[in-house]
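J.: Shown below is the structure under consideration.
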Amino acid sequence: GFKMGIVGLPNVGKSTLFNALTKTAAAQAANFPFCTIEPNVGDVGVPDARLDKLAAIAGSKQIIPTRMTFVDIAGLVKGASKGEGLGNQFLANIRECDAIAHVLRCFEDDDITHVEGRVDPVEDAQVIETELMLSDLESIEKRLQNLVRKVKGGDKDALQQVRLLEAARAVLEDGKPARAVAVDAEDAKAWKMLQLLTTKPVLYVCNVEEDSAGSGNSQSARVAEMAAAEGNSHVVISARIEEEISQLDAEEAEMFLGEMGLEEAGLDRLIRAGYELLHLQTYFTVGPKEARAWTIKAGTSAPQAAGVIHGDFERGFIRAETIGYNDFVTLGGEQAAKEAGKMKAEGKAYIVKDGDIMHFLFNT
Ligand code: GDP
């Protein structure tokens, strides 16, 4: 599955947000009781209204959302790359994540200490990014040293790695994150394997006070500007509101949101933003027993998509029967779509589209 690491300075609202995320009804969907793998790791259902619609049409007994993993990574402070706070252990946690949700304090509250003694989310973002850049530089130096012998032996992969590491080092020494390196298509895989922290996509989470949850405030506006300039994304959320909502059932939550003048829970927006940031898509399997959502990267072929369900589906893939989401819904289900000629047989080269309803045929 895909993993988002929640980072940020102390006292910005990370734990509040993480607890809300993992306590909501969606996170605790009956079929996948929320299980704590470690105290700071939570598996969350990805909210998707399309899934409910499909289940209603097909009369599915169970609805199973697709999942996304969140990891609450505490302990990042100025100096973490030098081993302060939880230091290196913390940085290793980030390395394993596909993306970073960076929580920024955009709320004023004299009762809650700010580690830097002022509220400035743009400056805070830089404090964290600096630590990540320093950590990348350090790991690059180590790796370059380890590669010396292999390079002398003429190892092609080692030569490629050295070239990429040196490109990253040049950018980092210039004070920029490694994502600023322009990487060719043929280097893309090796580049990703380097797992540099500052190449991970960032979703800035602006934690604002309750009454700014809808529109944001002047601080979150600054973050929005910064995110746009970096090619990252941002969401505005009130962790306190999300915490309250997480303790309500679906109906109460809807009423509460209405009273606050909000259209949907911030967590839903956050999960979806993470999904978009990672270029993820959803396809569905729909039947009388269950309607289920599955996560794939955009551009995934039909056999690879089948492999998300089970490796055997990919290995023995024969073909897929697909119905587009809109066809399924407007025509009113599989049978009707089939009769209208909207069910297509697709081979190995088919690139799955977001929202496709898929049925796989395979050899065992
Ligand atoms: P962490 O250290 O980043 O995990 O921060 P916590 O989630 O533990 O939050 C630190 C403190 O800030 C707690 O007392 C929270 O209740 C409080 N807090 C979190 N979000 C908000 C907010 O939006 N407004 C206010 N006033 N306080 C908040």
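Order determines the names: the first chain of the structure tokens is A, the second B, and so forth; residues in each chain are numbered 1 upward, and ligands are numbered 1 upward as they are shown.
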Skipping near chain neighbours, those fewer than 5 positions away, what residues fall within 7 Å of segment 136-148 of chain A using only C-alpha atoms, listed as a list in words?
T.: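 Residues meeting the cut-off are Ala158, Val162, Leu165, Arg169, Leu172, Leu196 and Leu197 of chain A.
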J.: List all protein, DNA and RNA residues that have any atom at most 7 Å from ligand 1, counting only C-alpha atoms and all ligand atoms, and write the list as a PDB file with N, CA and C atoms, in the first residue's frame.
T.:
```
ATOM      1  N   GLY A   8       6.447  17.350  11.157  1.00  0.00           N
ATOM      2  CA  GLY A   8       6.238  18.739  11.563  1.00  0.00           C
ATOM      3  C   GLY A   8       6.960  18.979  12.876  1.00  0.00           C
ATOM      4  N   LEU A   9       7.141  20.236  13.212  1.00  0.00           N
ATOM      5  CA  LEU A   9       7.770  20.585  14.480  1.00  0.00           C
ATOM      6  C   LEU A   9       6.865  20.138  15.636  1.00  0.00           C
ATOM      7  N   PRO A  10       7.391  20.072  16.844  1.00  0.00           N
ATOM      8  CA  PRO A  10       6.551  19.740  17.994  1.00  0.00           C
ATOM      9  C   PRO A  10       5.422  20.762  18.174  1.00  0.00           C
ATOM     10  N   ASN A  11       4.290  20.305  18.728  1.00  0.00           N
ATOM     11  CA  ASN A  11       3.170  21.187  19.077  1.00  0.00           C
ATOM     12  C   ASN A  11       2.487  21.868  17.896  1.00  0.00           C
ATOM     13  N   VAL A  12       2.539  21.280  16.743  1.00  0.00           N
ATOM     14  CA  VAL A  12       1.842  21.889  15.607  1.00  0.00           C
ATOM     15  C   VAL A  12       0.503  21.202  15.357  1.00  0.00           C
ATOM     16  N   GLY A  13       0.269  20.043  16.001  1.00  0.00           N
ATOM     17  CA  GLY A  13      -1.010  19.354  15.862  1.00  0.00           C
ATOM     18  C   GLY A  13      -0.925  18.011  15.159  1.00  0.00           C
ATOM     19  N   LYS A  14       0.266  17.442  15.043  1.00  0.00           N
ATOM     20  CA  LYS A  14       0.427  16.147  14.350  1.00  0.00           C
ATOM     21  C   LYS A  14      -0.374  15.027  15.009  1.00  0.00           C
ATOM     22  N   SER A  15      -0.201  14.886  16.326  1.00  0.00           N
ATOM     23  CA  SER A  15      -0.873  13.786  17.017  1.00  0.00           C
ATOM     24  C   SER A  15      -2.379  13.958  16.982  1.00  0.00           C
ATOM     25  N   THR A  16      -2.820  15.188  17.163  1.00  0.00           N
ATOM     26  CA  THR A  16      -4.255  15.463  17.109  1.00  0.00           C
ATOM     27  C   THR A  16      -4.814  15.001  15.769  1.00  0.00           C
ATOM     28  N   LEU A  17      -4.104  15.335  14.720  1.00  0.00           N
ATOM     29  CA  LEU A  17      -4.532  14.979  13.374  1.00  0.00           C
ATOM     30  C   LEU A  17      -4.470  13.461  13.151  1.00  0.00           C
ATOM     31  N   ALA A  74       7.068  11.584  14.913  1.00  0.00           N
ATOM     32  CA  ALA A  74       7.363  12.644  15.874  1.00  0.00           C
ATOM     33  C   ALA A  74       8.874  12.825  15.980  1.00  0.00           C
ATOM     34  N   PHE A 107      -2.132  28.343  13.541  1.00  0.00           N
ATOM     35  CA  PHE A 107      -3.048  28.898  14.556  1.00  0.00           C
ATOM     36  C   PHE A 107      -2.266  29.648  15.620  1.00  0.00           C
ATOM     37  N   GLU A 108      -2.901  30.695  16.156  1.00  0.00           N
ATOM     38  CA  GLU A 108      -2.325  31.454  17.268  1.00  0.00           C
ATOM     39  C   GLU A 108      -2.943  30.921  18.543  1.00  0.00           C
ATOM     40  N   ASP A 109      -2.153  30.619  19.537  1.00  0.00           N
ATOM     41  CA  ASP A 109      -2.687  30.223  20.834  1.00  0.00           C
ATOM     42  C   ASP A 109      -1.560  30.383  21.842  1.00  0.00           C
ATOM     43  N   ILE A 112      -0.307  27.399  23.911  1.00  0.00           N
ATOM     44  CA  ILE A 112       0.435  26.279  23.315  1.00  0.00           C
ATOM     45  C   ILE A 112       1.803  26.800  22.875  1.00  0.00           C
ATOM     46  N   ASN A 207      -2.652  23.756   9.701  1.00  0.00           N
ATOM     47  CA  ASN A 207      -3.541  23.575  10.841  1.00  0.00           C
ATOM     48  C   ASN A 207      -3.973  24.942  11.362  1.00  0.00           C
ATOM     49  N   VAL A 208      -5.232  25.284  11.097  1.00  0.00           N
ATOM     50  CA  VAL A 208      -5.750  26.614  11.472  1.00  0.00           C
ATOM     51  C   VAL A 208      -6.723  26.500  12.649  1.00  0.00           C
ATOM     52  N   GLU A 209      -7.058  27.630  13.270  1.00  0.00           N
ATOM     53  CA  GLU A 209      -8.027  27.621  14.350  1.00  0.00           C
ATOM     54  C   GLU A 209      -9.416  27.293  13.779  1.00  0.00           C
ATOM     55  N   GLU A 210     -10.318  26.887  14.682  1.00  0.00           N
ATOM     56  CA  GLU A 210     -11.624  26.375  14.256  1.00  0.00           C
ATOM     57  C   GLU A 210     -12.352  27.310  13.287  1.00  0.00           C
ATOM     58  N   SER A 238      -8.593  22.091  10.317  1.00  0.00           N
ATOM     59  CA  SER A 238      -8.484  22.388  11.742  1.00  0.00           C
ATOM     60  C   SER A 238      -8.416  21.047  12.460  1.00  0.00           C
ATOM     61  N   ALA A 239      -7.248  20.723  12.984  1.00  0.00           N
ATOM     62  CA  ALA A 239      -7.060  19.420  13.638  1.00  0.00           C
ATOM     63  C   ALA A 239      -8.049  19.255  14.792  1.00  0.00           C
ATOM     64  N   ARG A 240      -8.353  20.363  15.477  1.00  0.00           N
ATOM     65  CA  ARG A 240      -9.300  20.303  16.616  1.00  0.00           C
ATOM     66  C   ARG A 240     -10.690  19.914  16.132  1.00  0.00           C
TER      67      ARG A 240
END
```
J.: With only C-alpha atoms as the basis for distance, which of A:Gly287, A:Pro201, A:Gly45, A:Gly1 is at the shortest distance from Ala180 of chain A?
T.: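 Nearest to Ala180 of chain A: A:Pro201.
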J.: Which residue gives the smallest distance to Lys192 of chain A among A:Asp110, A:Glu131, A:Arg95, A:Val235, with only C-alpha atoms counted?
T.: A:Arg95
J.: Would you return as a VMD selection string the members of segment 101-269 of chain A that DSSP assigns to helix (DSSP H, G or I) on this structure's backbone?
T.: chain A and resid 121 to 152 156 to 173 178 to 180 185 to 193 197 to 199 210 to 212 218 to 230 239 to 245 250 to 260 266 to 269
J.: May I ask which of the residues A:Val103, A:Val329, A:Ile351, A:Leu270 is the closest one to Lys297 of chain A, counting only C-alpha atoms?
T.: A:Ile351
J.: Which of these residues is nearest to Gly231 of chain A, using only C-alpha atoms: A:Val202, A:Ala273, A:Ala58, A:Ala125?
T.: A:Val202
